[in-house]
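Content type mmCIF, C-alpha atoms, from the file my_file_11.cif:
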```cif
data_model
#
loop_
_atom_site.label_atom_id
_atom_site.label_comp_id
_atom_site.auth_asym_id
_atom_site.auth_seq_id
_atom_site.Cartn_x
_atom_site.Cartn_y
_atom_site.Cartn_z
CA MET A 224 0.00 0.00 0.00
CA GLU A 225 2.84 2.36 0.87
CA LYS A 226 4.52 1.52 -2.43
CA MET A 227 1.23 2.24 -4.23
CA MET A 228 0.90 5.56 -2.44
CA SER A 229 4.50 6.36 -3.23
CA LYS A 230 3.89 5.73 -6.90
CA ARG A 231 0.77 7.93 -6.81
CA GLY A 232 2.76 10.61 -5.05
CA LYS A 233 5.36 10.50 -7.72
CA ILE A 234 2.70 10.80 -10.39
CA ARG A 235 1.14 13.76 -8.58
CA LEU A 236 4.53 15.37 -8.10
CA ALA A 237 5.37 14.89 -11.78
CA SER A 238 2.02 16.34 -12.79
CA PHE A 239 2.54 19.29 -10.48
CA LEU A 240 6.02 19.90 -11.86
CA ILE A 241 4.71 19.78 -15.42
CA PHE A 242 1.99 22.26 -14.45
CA VAL A 243 4.55 24.56 -12.83
CA ILE A 244 6.80 24.34 -15.90
CA CYS A 245 3.85 25.17 -18.16
CA VAL A 246 2.87 28.13 -15.98
CA LEU A 247 6.44 29.40 -15.88
CA SER A 248 6.70 29.00 -19.66
CA VAL A 249 3.53 31.01 -20.13
CA PHE A 250 4.89 33.73 -17.81
CA ALA A 251 8.23 33.65 -19.62
CA ILE A 252 6.57 33.97 -23.03
CA SER A 253 4.28 36.69 -21.70
CA GLY A 254 7.23 38.45 -20.12
CA ASN A 255 9.18 38.26 -23.36
CA MET A 256 6.19 39.64 -25.25
CA ARG A 257 5.84 42.49 -22.75
CA ALA A 258 9.57 43.16 -22.95
CA LYS A 259 9.42 43.12 -26.74
CA LYS A 260 6.44 45.46 -26.72
CA SER A 261 8.19 47.75 -24.25
CA GLU A 262 11.30 47.68 -26.42
CA GLN A 263 9.24 48.59 -29.49
CA GLN A 264 7.56 51.43 -27.62
CA MET A 265 10.94 52.70 -26.46
CA GLU A 266 12.20 52.47 -30.03
CA LEU A 267 9.25 54.54 -31.28
CA VAL A 268 9.74 57.16 -28.55
CA SER A 269 13.46 57.36 -29.34
CA GLU A 270 12.77 57.58 -33.07
CA ARG A 271 10.38 60.49 -32.50
CA ALA A 272 12.86 62.18 -30.16
CA LEU A 273 15.64 61.84 -32.72
CA SER A 274 13.40 63.32 -35.42
CA ASP A 275 12.44 66.23 -33.14
CA LEU A 276 16.09 66.80 -32.23
CA ASP A 277 16.97 67.00 -35.93
CA ALA A 278 14.23 69.60 -36.46
CA TYR A 279 15.24 71.70 -33.43
CA VAL A 280 18.91 71.84 -34.44
CA SER A 281 17.96 72.63 -38.06
CA ASN A 282 15.85 75.55 -36.81
CA MET A 283 18.78 76.74 -34.71
CA GLN A 284 20.99 76.74 -37.80
CA VAL A 285 18.56 79.00 -39.66
CA SER A 286 18.21 81.38 -36.68
CA LEU A 287 21.99 81.59 -36.27
CA GLN A 288 22.43 82.30 -39.98
CA LYS A 289 19.95 85.15 -39.70
CA GLY A 290 21.52 86.30 -36.42
CA ILE A 291 24.83 86.90 -38.18
CA TYR A 292 23.14 89.57 -40.33
CA ALA A 293 20.64 90.96 -37.81
CA ASN A 294 21.47 94.49 -36.78
CA THR A 295 18.49 95.89 -34.85
CA THR A 296 16.96 95.06 -31.47
CA PRO A 297 13.54 93.67 -32.56
CA MET A 298 15.09 91.18 -34.97
CA LEU A 299 17.69 90.06 -32.42
CA SER A 300 14.87 89.68 -29.88
CA THR A 301 12.89 87.45 -32.25
CA LEU A 302 15.91 85.32 -33.07
CA ALA A 303 16.91 85.04 -29.42
CA THR A 304 13.43 83.82 -28.51
CA ASN A 305 13.49 81.27 -31.33
CA LEU A 306 16.96 80.04 -30.37
CA TRP A 307 16.00 79.77 -26.72
CA ARG A 308 12.90 77.75 -27.61
CA ASP A 309 14.69 75.41 -30.02
CA ALA A 310 17.72 74.92 -27.77
CA THR A 311 15.41 74.04 -24.87
CA GLY A 312 13.54 71.60 -27.09
CA ALA A 313 16.81 70.04 -28.23
CA LYS A 314 17.94 69.51 -24.63
CA THR A 315 14.60 67.92 -23.77
CA THR A 316 14.81 65.47 -26.66
CA LEU A 317 18.41 64.63 -25.80
CA GLY A 318 17.15 63.67 -22.35
CA ILE A 319 14.65 61.24 -23.91
CA LEU A 320 17.25 59.48 -26.07
CA PRO A 321 19.02 56.47 -24.50
CA ILE A 322 22.32 58.34 -24.30
CA PRO A 323 23.87 59.06 -20.86
CA GLY A 324 23.70 62.77 -20.11
CA SER A 325 27.24 62.71 -18.72
CA GLU A 326 28.48 61.57 -22.13
CA LEU A 327 27.07 64.71 -23.76
CA SER A 328 27.97 67.37 -21.21
CA ASN A 329 29.61 69.62 -23.81
CA THR A 330 26.64 69.29 -26.12
CA TYR A 331 24.27 70.28 -23.30
CA LYS A 332 26.54 73.22 -22.47
CA PHE A 333 26.51 74.34 -26.10
CA LEU A 334 22.70 74.16 -26.26
CA SER A 335 22.41 76.09 -22.98
CA GLN A 336 24.65 78.95 -24.06
CA VAL A 337 23.70 79.43 -27.70
CA GLY A 338 20.43 81.19 -26.86
CA ASP A 339 22.01 83.18 -24.03
CA PHE A 340 24.62 84.58 -26.38
CA VAL A 341 22.12 86.10 -28.82
CA MET A 342 20.05 87.40 -25.90
CA ALA A 343 23.13 89.20 -24.62
CA LEU A 344 23.66 90.80 -28.04
CA GLN A 345 20.06 91.97 -28.00
CA LYS A 346 20.55 93.61 -24.60
CA LYS A 347 23.66 95.36 -25.89
CA LYS A 348 21.66 96.85 -28.76
CA GLU A 349 18.99 97.97 -26.28
CA ARG A 350 21.71 99.85 -24.40
CA GLY A 351 22.73 101.55 -27.65
CA GLU A 352 25.92 99.53 -28.05
CA GLY A 353 27.02 97.97 -31.32
CA ILE A 354 27.81 94.35 -32.12
CA THR A 355 31.56 93.90 -32.44
CA THR A 356 33.42 92.03 -35.17
CA LYS A 357 34.56 89.52 -32.56
CA GLU A 358 30.97 88.84 -31.48
CA ARG A 359 29.92 88.23 -35.09
CA GLU A 360 32.84 85.82 -35.42
CA GLN A 361 31.56 84.03 -32.32
CA LEU A 362 28.15 83.74 -33.95
CA LEU A 363 29.89 82.12 -36.91
CA GLN A 364 31.57 79.71 -34.48
CA LEU A 365 28.20 78.84 -32.99
CA LEU A 366 26.86 78.24 -36.48
CA ASP A 367 29.80 75.93 -37.26
CA PHE A 368 29.15 73.86 -34.15
CA SER A 369 25.44 73.80 -34.92
CA ASP A 370 26.22 72.58 -38.45
CA ALA A 371 28.45 69.81 -37.07
CA LEU A 372 25.78 68.71 -34.62
CA SER A 373 23.10 68.76 -37.33
CA LYS A 374 25.19 66.65 -39.70
CA GLU A 375 25.87 64.06 -37.01
CA ILE A 376 22.20 63.84 -36.03
CA SER A 377 21.21 63.45 -39.69
CA GLU A 378 23.76 60.68 -40.05
CA MET A 379 22.41 59.01 -36.91
CA ARG A 380 18.91 59.08 -38.38
CA ARG A 381 20.14 57.63 -41.67
CA LYS A 382 21.96 54.75 -39.96
CA PHE A 383 19.06 54.15 -37.61
CA TYR A 384 16.53 53.85 -40.43
CA SER A 385 18.88 51.63 -42.44
CA GLY A 386 19.38 49.34 -39.45
CA GLU A 387 23.14 49.97 -39.29
CA LEU A 388 23.01 50.90 -35.61
CA THR A 389 20.80 51.32 -32.59
CA LEU A 390 20.24 54.68 -31.00
CA THR A 391 22.65 53.88 -28.16
CA ALA A 392 25.50 52.97 -30.45
CA ASN A 393 26.37 56.42 -31.65
CA ASP A 394 26.69 58.45 -28.49
CA GLU A 395 30.50 58.62 -28.73
CA ALA A 396 30.32 59.81 -32.34
CA LEU A 397 27.87 62.54 -31.40
CA GLU A 398 30.11 63.77 -28.63
CA ALA A 399 33.25 63.52 -30.79
CA ASN A 400 31.99 66.16 -33.20
CA MET A 401 31.27 68.51 -30.31
CA GLU A 402 34.56 68.26 -28.41
CA ASP A 403 35.55 71.79 -29.39
CA ALA A 404 32.32 73.08 -27.83
CA ALA A 405 34.18 73.16 -24.51
CA THR A 406 36.62 75.69 -25.96
CA LEU A 407 33.73 77.80 -27.24
CA SER A 408 32.01 77.58 -23.86
CA LYS A 409 35.15 78.89 -22.13
CA SER A 410 35.40 81.69 -24.71
CA LEU A 411 31.81 82.74 -24.07
CA GLU A 412 32.27 82.61 -20.32
CA ASP A 413 35.33 84.84 -20.59
CA THR A 414 33.47 87.33 -22.78
CA GLU A 415 30.28 87.38 -20.71
CA GLN A 416 28.81 85.04 -18.13
CA SER A 417 25.69 84.21 -20.15
CA PHE A 418 25.80 85.22 -23.73
CA THR A 419 20.25 84.01 -25.33
CA GLU A 420 11.07 74.78 -41.88
CA TYR A 421 8.26 74.61 -44.54
CA PRO A 422 11.67 75.92 -46.46
CA SER A 423 8.69 77.57 -48.18
CA LEU A 424 8.66 78.17 -51.91
CA ILE A 425 9.43 81.77 -52.67
CA TYR A 426 7.36 81.59 -55.85
CA ASP A 427 4.49 81.37 -53.37
CA GLY A 428 5.72 84.76 -52.19
CA PRO A 429 7.91 85.57 -49.19
CA PHE A 430 4.76 85.85 -47.10
CA SER A 431 2.56 83.30 -48.84
CA ASP A 432 1.71 81.48 -45.61
CA HIS A 433 -0.33 84.56 -44.68
CA MET A 434 -3.85 83.59 -45.73
CA SER A 435 -6.20 85.71 -43.71
CA ASN A 436 -9.65 84.44 -42.75
CA ARG A 437 -10.89 87.96 -42.10
CA GLU A 438 -13.80 89.31 -44.10
CA SER A 439 -12.78 90.32 -47.59
CA ASN A 440 -13.28 94.02 -48.30
CA LEU A 441 -13.26 93.25 -52.01
CA LEU A 442 -16.18 90.81 -51.70
CA LYS A 443 -18.04 92.76 -49.03
CA ASN A 444 -18.47 95.70 -51.37
CA ALA A 445 -19.31 93.65 -54.49
CA GLU A 446 -22.73 92.79 -55.91
CA PRO A 447 -23.93 89.18 -55.47
CA ILE A 448 -24.38 86.99 -58.54
CA SER A 449 -26.55 83.91 -59.17
CA LYS A 450 -25.28 80.39 -59.74
CA ASP A 451 -26.20 80.62 -63.44
CA GLU A 452 -24.24 83.87 -63.79
CA ALA A 453 -21.27 82.25 -62.07
CA GLN A 454 -21.49 79.28 -64.46
CA LYS A 455 -21.36 81.60 -67.46
CA ARG A 456 -18.41 83.44 -65.94
CA ALA A 457 -16.55 80.16 -65.33
CA ALA A 458 -17.25 79.03 -68.92
CA GLN A 459 -15.89 82.32 -70.23
CA ILE A 460 -12.65 81.89 -68.28
CA LEU A 461 -12.21 78.29 -69.45
CA ASN A 462 -13.32 79.11 -73.01
CA VAL A 463 -15.98 76.39 -73.02
CA GLU A 464 -19.76 76.30 -73.39
CA PRO A 465 -21.67 76.85 -70.08
CA GLN A 466 -23.61 73.57 -70.48
CA THR A 467 -20.34 71.60 -70.38
CA LEU A 468 -19.82 72.69 -66.77
CA LYS A 469 -21.36 70.80 -63.88
CA PHE A 470 -22.14 72.50 -60.58
CA THR A 471 -20.43 70.53 -57.81
CA SER A 472 -20.76 72.48 -54.55
CA ASP A 473 -21.07 75.73 -52.61
CA GLU A 474 -18.00 76.78 -50.67
CA GLU A 475 -18.95 78.62 -47.51
CA ASP A 476 -15.55 79.78 -46.24
CA ALA A 477 -14.37 83.41 -46.03
CA SER A 478 -14.37 83.62 -49.84
CA GLN A 479 -17.81 82.11 -50.48
CA SER A 480 -18.03 80.68 -53.99
CA TYR A 481 -19.75 78.39 -56.50
CA ARG A 482 -17.66 75.46 -57.68
CA PHE A 483 -17.93 73.83 -61.15
CA ASN A 484 -16.18 71.04 -63.05
CA ASP A 485 -15.98 70.11 -66.75
CA GLY A 486 -14.32 66.73 -66.25
CA THR A 487 -10.71 67.94 -66.37
CA THR A 488 -10.82 71.30 -64.58
CA SER A 489 -12.29 72.50 -61.28
CA ILE A 490 -13.09 76.20 -61.02
CA ALA A 491 -14.57 78.38 -58.27
CA ILE A 492 -16.29 81.75 -58.78
CA THR A 493 -17.05 84.05 -55.85
CA LYS A 494 -20.72 84.56 -55.00
CA ASN A 495 -20.09 88.29 -54.65
CA GLY A 496 -18.49 90.04 -57.60
CA GLY A 497 -18.07 86.91 -59.73
CA TYR A 498 -14.29 86.87 -59.30
CA LEU A 499 -12.17 83.87 -60.23
CA LEU A 500 -11.17 82.35 -56.89
CA TYR A 501 -9.18 79.41 -58.21
CA MET A 502 -9.00 76.88 -61.01
CA LEU A 503 -7.11 73.60 -61.25
CA SER A 504 -6.72 71.41 -64.32
CA SER A 505 -5.70 67.75 -64.53
CA LYS A 506 -4.81 67.93 -68.22
CA PHE A 507 -1.75 66.04 -69.42
CA VAL A 508 1.36 68.17 -70.02
CA GLY A 509 3.41 67.21 -73.08
CA GLU A 510 7.03 67.89 -73.96
CA GLU A 511 8.40 71.31 -73.03
CA THR A 512 8.60 73.62 -76.04
CA LEU A 513 8.18 77.10 -74.51
CA SER A 514 10.59 79.33 -72.62
CA THR A 515 9.86 80.80 -69.19
CA GLU A 516 9.48 84.21 -70.86
CA GLU A 517 6.72 82.85 -73.11
CA ALA A 518 5.06 81.24 -70.10
CA LEU A 519 5.21 84.57 -68.26
CA ALA A 520 3.54 86.36 -71.18
CA ALA A 521 0.73 83.78 -71.16
CA ALA A 522 0.22 84.21 -67.43
CA GLN A 523 0.17 88.00 -67.71
CA ASP A 524 -2.42 87.89 -70.51
CA PHE A 525 -4.59 85.54 -68.44
CA LEU A 526 -4.58 87.92 -65.46
CA LYS A 527 -5.43 90.97 -67.57
CA GLN A 528 -8.26 89.16 -69.36
CA ASN A 529 -9.78 88.29 -65.98
CA GLY A 530 -9.65 91.74 -64.43
CA PHE A 531 -6.48 91.52 -62.35
CA GLU A 532 -4.57 94.70 -63.12
CA ASN A 533 -1.21 96.02 -61.90
CA MET A 534 0.18 92.58 -61.09
CA LYS A 535 3.95 92.18 -60.97
CA GLU A 536 5.73 88.83 -61.25
CA SER A 537 8.58 87.92 -58.93
CA TYR A 538 9.91 84.38 -58.55
CA TYR A 539 8.92 81.23 -60.39
CA ALA A 540 9.44 77.47 -60.21
CA ILE A 541 9.37 74.70 -62.81
CA SER A 542 8.17 71.17 -62.13
CA ASP A 543 7.15 68.42 -64.56
CA GLY A 544 6.79 70.77 -67.51
CA ILE A 545 4.74 73.33 -65.57
CA CYS A 546 6.00 76.84 -64.79
CA THR A 547 4.36 78.49 -61.78
CA TYR A 548 4.70 82.25 -61.40
CA ASN A 549 3.99 84.36 -58.36
CA PHE A 550 2.32 87.73 -58.90
CA ALA A 551 1.68 90.49 -56.36
CA HIS A 552 -0.36 93.67 -56.73
CA THR A 553 1.69 96.83 -57.21
CA GLU A 554 0.63 100.30 -56.12
CA ASN A 555 2.61 103.55 -55.97
CA SER A 556 5.94 101.70 -56.31
CA TYR A 557 4.97 99.27 -53.51
CA THR A 558 4.80 95.50 -53.98
CA CYS A 559 1.79 94.42 -51.93
CA TYR A 560 2.68 90.86 -50.91
CA PRO A 561 -0.66 90.03 -49.23
CA ASP A 562 -2.39 90.45 -52.64
CA LEU A 563 -0.97 87.23 -54.05
CA ILE A 564 -1.93 85.31 -57.20
CA LYS A 565 -0.22 82.15 -58.47
CA VAL A 566 -0.55 81.10 -62.10
CA SER A 567 0.72 77.79 -63.54
CA VAL A 568 1.41 77.54 -67.27
CA SER A 569 2.06 74.48 -69.45
CA LEU A 570 5.48 74.75 -71.06
CA HIS A 571 4.13 72.53 -73.85
CA ASP A 572 1.46 74.78 -75.29
CA GLY A 573 1.15 77.83 -72.99
CA SER A 574 -2.26 76.84 -71.62
CA ILE A 575 -3.19 77.95 -68.11
CA LEU A 576 -3.36 74.88 -65.89
CA SER A 577 -4.11 76.51 -62.57
CA ALA A 578 -4.64 79.87 -60.92
CA ASP A 579 -4.97 80.58 -57.21
CA CYS A 580 -6.33 84.07 -56.54
CA ARG A 581 -7.36 83.59 -52.89
CA GLY A 582 -4.58 85.76 -51.49
CA TYR A 583 -5.68 88.66 -53.69
CA ILE A 584 -9.42 88.13 -53.12
CA LEU A 585 -9.09 87.96 -49.33
CA ASN A 586 -6.54 90.72 -48.80
CA HIS A 587 -6.89 93.34 -51.54
CA HIS A 588 -8.32 96.66 -50.38
CA ASP A 589 -7.86 100.39 -50.86
CA ARG A 590 -4.62 101.30 -49.10
CA THR A 591 -3.32 104.64 -47.92
CA LEU A 592 0.42 104.26 -48.48
CA LYS A 593 2.43 106.78 -46.49
CA THR A 594 5.72 108.35 -47.42
CA PRO A 595 8.42 106.43 -45.48
CA LYS A 596 9.25 108.10 -42.18
CA ILE A 597 12.73 106.60 -42.24
CA PRO A 598 14.71 107.60 -45.37
CA GLU A 599 16.15 104.79 -47.44
CA ALA A 600 19.71 105.91 -46.64
CA GLN A 601 19.02 105.60 -42.92
CA ALA A 602 17.34 102.21 -43.34
CA ARG A 603 20.34 101.04 -45.36
CA LYS A 604 22.61 101.92 -42.42
CA ASN A 605 20.68 99.44 -40.28
CA LEU A 606 21.73 96.58 -42.54
CA SER A 607 24.43 94.32 -41.19
CA PRO A 608 27.96 95.40 -42.20
CA LEU A 609 28.44 91.81 -43.40
CA LEU A 610 25.88 92.36 -46.17
CA THR A 611 26.22 94.08 -49.53
CA PRO A 612 22.91 95.51 -50.85
CA LEU A 613 22.11 94.48 -54.42
CA GLY A 614 18.82 96.31 -54.74
CA MET A 615 15.86 97.77 -52.88
CA LYS A 616 12.14 98.06 -53.40
CA LEU A 617 9.22 99.19 -51.28
CA ALA A 618 6.85 96.53 -50.02
CA VAL A 619 3.67 96.01 -48.03
CA ILE A 620 4.04 92.93 -45.83
CA PRO A 621 1.60 91.15 -43.50
CA THR A 622 2.11 90.95 -39.75
CA LYS A 623 1.40 87.99 -37.48
CA SER A 624 -1.55 89.88 -36.02
CA GLY A 625 -3.24 89.95 -39.44
CA LYS A 626 -2.46 93.59 -40.16
CA GLU A 627 -0.04 95.10 -42.68
CA LYS A 628 3.00 97.35 -42.58
CA GLN A 629 5.24 99.12 -45.05
CA ALA A 630 8.85 98.04 -45.37
CA TYR A 631 12.01 98.43 -47.40
CA GLU A 632 12.90 95.12 -49.07
CA PHE A 633 16.69 94.96 -49.46
CA HIS A 634 18.09 92.24 -51.69
CA CYS A 635 21.57 91.53 -50.30
CA LYS A 636 24.47 89.09 -50.44
CA ASN A 637 27.24 88.15 -48.03
CA ALA A 638 30.94 87.46 -48.60
CA LYS A 639 30.15 83.88 -49.67
CA GLU A 640 27.61 85.06 -52.28
CA GLN A 641 24.68 83.83 -50.16
CA GLU A 642 21.70 86.02 -51.08
CA LEU A 643 19.14 87.31 -48.58
CA LEU A 644 16.06 89.50 -48.37
CA VAL A 645 16.03 91.92 -45.43
CA TYR A 646 12.81 93.79 -44.59
CA ILE A 647 13.20 97.07 -42.67
CA ASP A 648 10.17 98.90 -41.28
CA THR A 649 9.73 102.30 -42.97
CA GLU A 650 8.36 103.77 -39.71
CA THR A 651 10.89 102.49 -37.16
CA GLY A 652 13.96 101.52 -39.17
CA PHE A 653 14.02 98.12 -37.44
CA GLU A 654 14.34 94.79 -39.27
CA ASP A 655 11.03 92.97 -39.62
CA ASP A 656 12.27 89.81 -41.24
CA ILE A 657 15.30 88.16 -42.86
CA LEU A 658 14.91 85.48 -45.53
CA LEU A 659 17.71 83.29 -46.90
CA LEU A 660 17.43 82.69 -50.66
CA LEU A 661 18.23 79.18 -51.92
CA TYR A 662 18.48 78.82 -55.70
CA GLY A 663 17.88 75.49 -57.42
CA ASP A 664 17.15 74.07 -60.86
CA GLY A 665 13.38 74.12 -60.21
CA GLY A 666 13.13 77.60 -58.76
CA THR A 667 14.00 79.52 -55.60
CA LEU A 668 13.46 78.53 -51.99
CA THR A 669 13.58 80.67 -48.90
CA LYS A 670 14.22 80.02 -45.22
#
```
For this file, produce the structure as structure tokens.
Amino acid sequence: MEKMMSKRGKIRLASFLIFVICVLSVFAISGNMRAKKSEQQMELVSERALSDLDAYVSNMQVSLQKGIYANTTPMLSTLATNLWRDATGAKTTLGILPIPGSELSNTYKFLSQVGDFVMALQKKKERGEGITTKEREQLLQLLDFSDALSKEISEMRRKFYSGELTLTANDEALEANMEDAATLSKSLEDTEQSFTEYPSLIYDGPFSDHMSNRESNLLKNAEPISKDEAQKRAAQILNVEPQTLKFTSDEEDASQSYRFNDGTTSIAITKNGGYLLYMLSSKFVGEETLSTEEALAAAQDFLKQNGFENMKESYYAISDGICTYNFAHTENSYTCYPDLIKVSVSLHDGSILSADCRGYILNHHDRTLKTPKIPEAQARKNLSPLLTPLGMKLAVIPTKSGKEKQAYEFHCKNAKEQELLVYIDTETGFEDDILLLLYGDGGTLTK
């Protein structure tokens, strides 16, 4: 009986052990799955942090480039704020990455002081002091270090996405490119204790992102038209019979309009005034046979035929056989950038493929343009000594608050032939904006 019980005990013990092993296996598998999931989540967080870090440092590069040529307090204040924000963001994302903070002490120091330095320059200007040649050289040093950091981060992203390395494998390389930052930090400390995208297409206009949703004065004062009248107007613009157009929808945004389609082209006509709001064609573009000058002439004729007078072209871009020109309204020698129209022309046959008149429709109004309070010669003196003016024109530019102001637009270049646009307020003499021009085969970009 004891032997029988012993055998049963062994069977029970074996069964229990098998059960325990199964349970432990389940826990092990579950634990591995949780660990794998946690690892994947960490990878996603690190990937996002690395992408954000790349963006922050890229923004710092642009601000530092502009800071080299900034010469008035408001512009330095804007750049200092931007640098402070982006440097803080960069430090935050560095803290998220699986790289020991002690390994990047010089990088953290660089990010902490870059914003402080520009802030100190701003305070000097507020006290009526000038920016010295040495301080501009230090800005160039900061830009060099920022460039080195940006290149290394971009390389890290490339290797990470290609699977060549994990995010923790490149911490020494990142620090290696920033070793000289310690020297810069010491230099800044000796001088003063604490020195603070889109690119967007310039053929969209330097201020093309400004699309106001305010009530249009042009439409407010215009007579309403019926849907049938709008259909006839659309047919006239497209040079087709009205019955070939199909009404598709009402658009009830700030520029209320009727929308039609003839199978290849969509077109919108404003309910007040019957203005062309936009048109967009899906027609095939053949081989390029026309020059950009011929395309410009076609675009100019199109605008005149449709009631848009005093429009001046500026920059253009070419893509897939289509040349897109930017036009702005001109008045009393001023280029009014808020009144923007874009026209795209086929380089095959000169046909108009698209036109976007929303900037003009929403922003055009009767302006009282004042004689500049600050003479051009005085405004020119407020340009950075590192810049050589190539030309000047008067401009009306939008403000972030939705209003407008008059400015001198100086087209300049630096010693390395980099071209810039510097906007100086005609009332205060202060810089309003600085844009870096980037020329390419397809057109011109600006940062």
Interatomic distance (Å, one decimal) between CA of Leu609 (chain A) and CA of Gly652 (chain A): 17.9 Å
Gap from CA of Gly509 (chain A) to CA of Ser574 (chain A) - Å, one decimal: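 Going from CA of Gly509 (chain A) over to CA of Ser574 (chain A) covers 11.3 Å.
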Please write as JSON, numbers by chain the list of polymer residues whose atoms come within 6 Å of (24.4, 88.1, -33.1), counting only C-alpha atoms and keeping to the coordinates of the file. {"A": [290, 291, 341, 344, 359, 362]}
On this structure, the PyMOL selection byres ((chain A and resi 456) around 9) would catch which residues? List them as a list in words, sorted by chain and number. Asp451, Glu452, Ala453, Gln454, Lys455, Ala457, Ala458, Gln459, Ile460, Leu461, Pro465, Ile492, Gly497, Tyr498 and Leu499 of chain A
One residue among A:Ala272, A:Ala522, A:Met615, A:Ile620 is nearest to Leu317 (chain A) when using only C-alpha atoms, and that residue is A:Ala272
To one decimal place in Å, what is the distance between CA of Ser542 (chain A) and CA of Glu516 (chain A)?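 So the answer is 15.7 Å.
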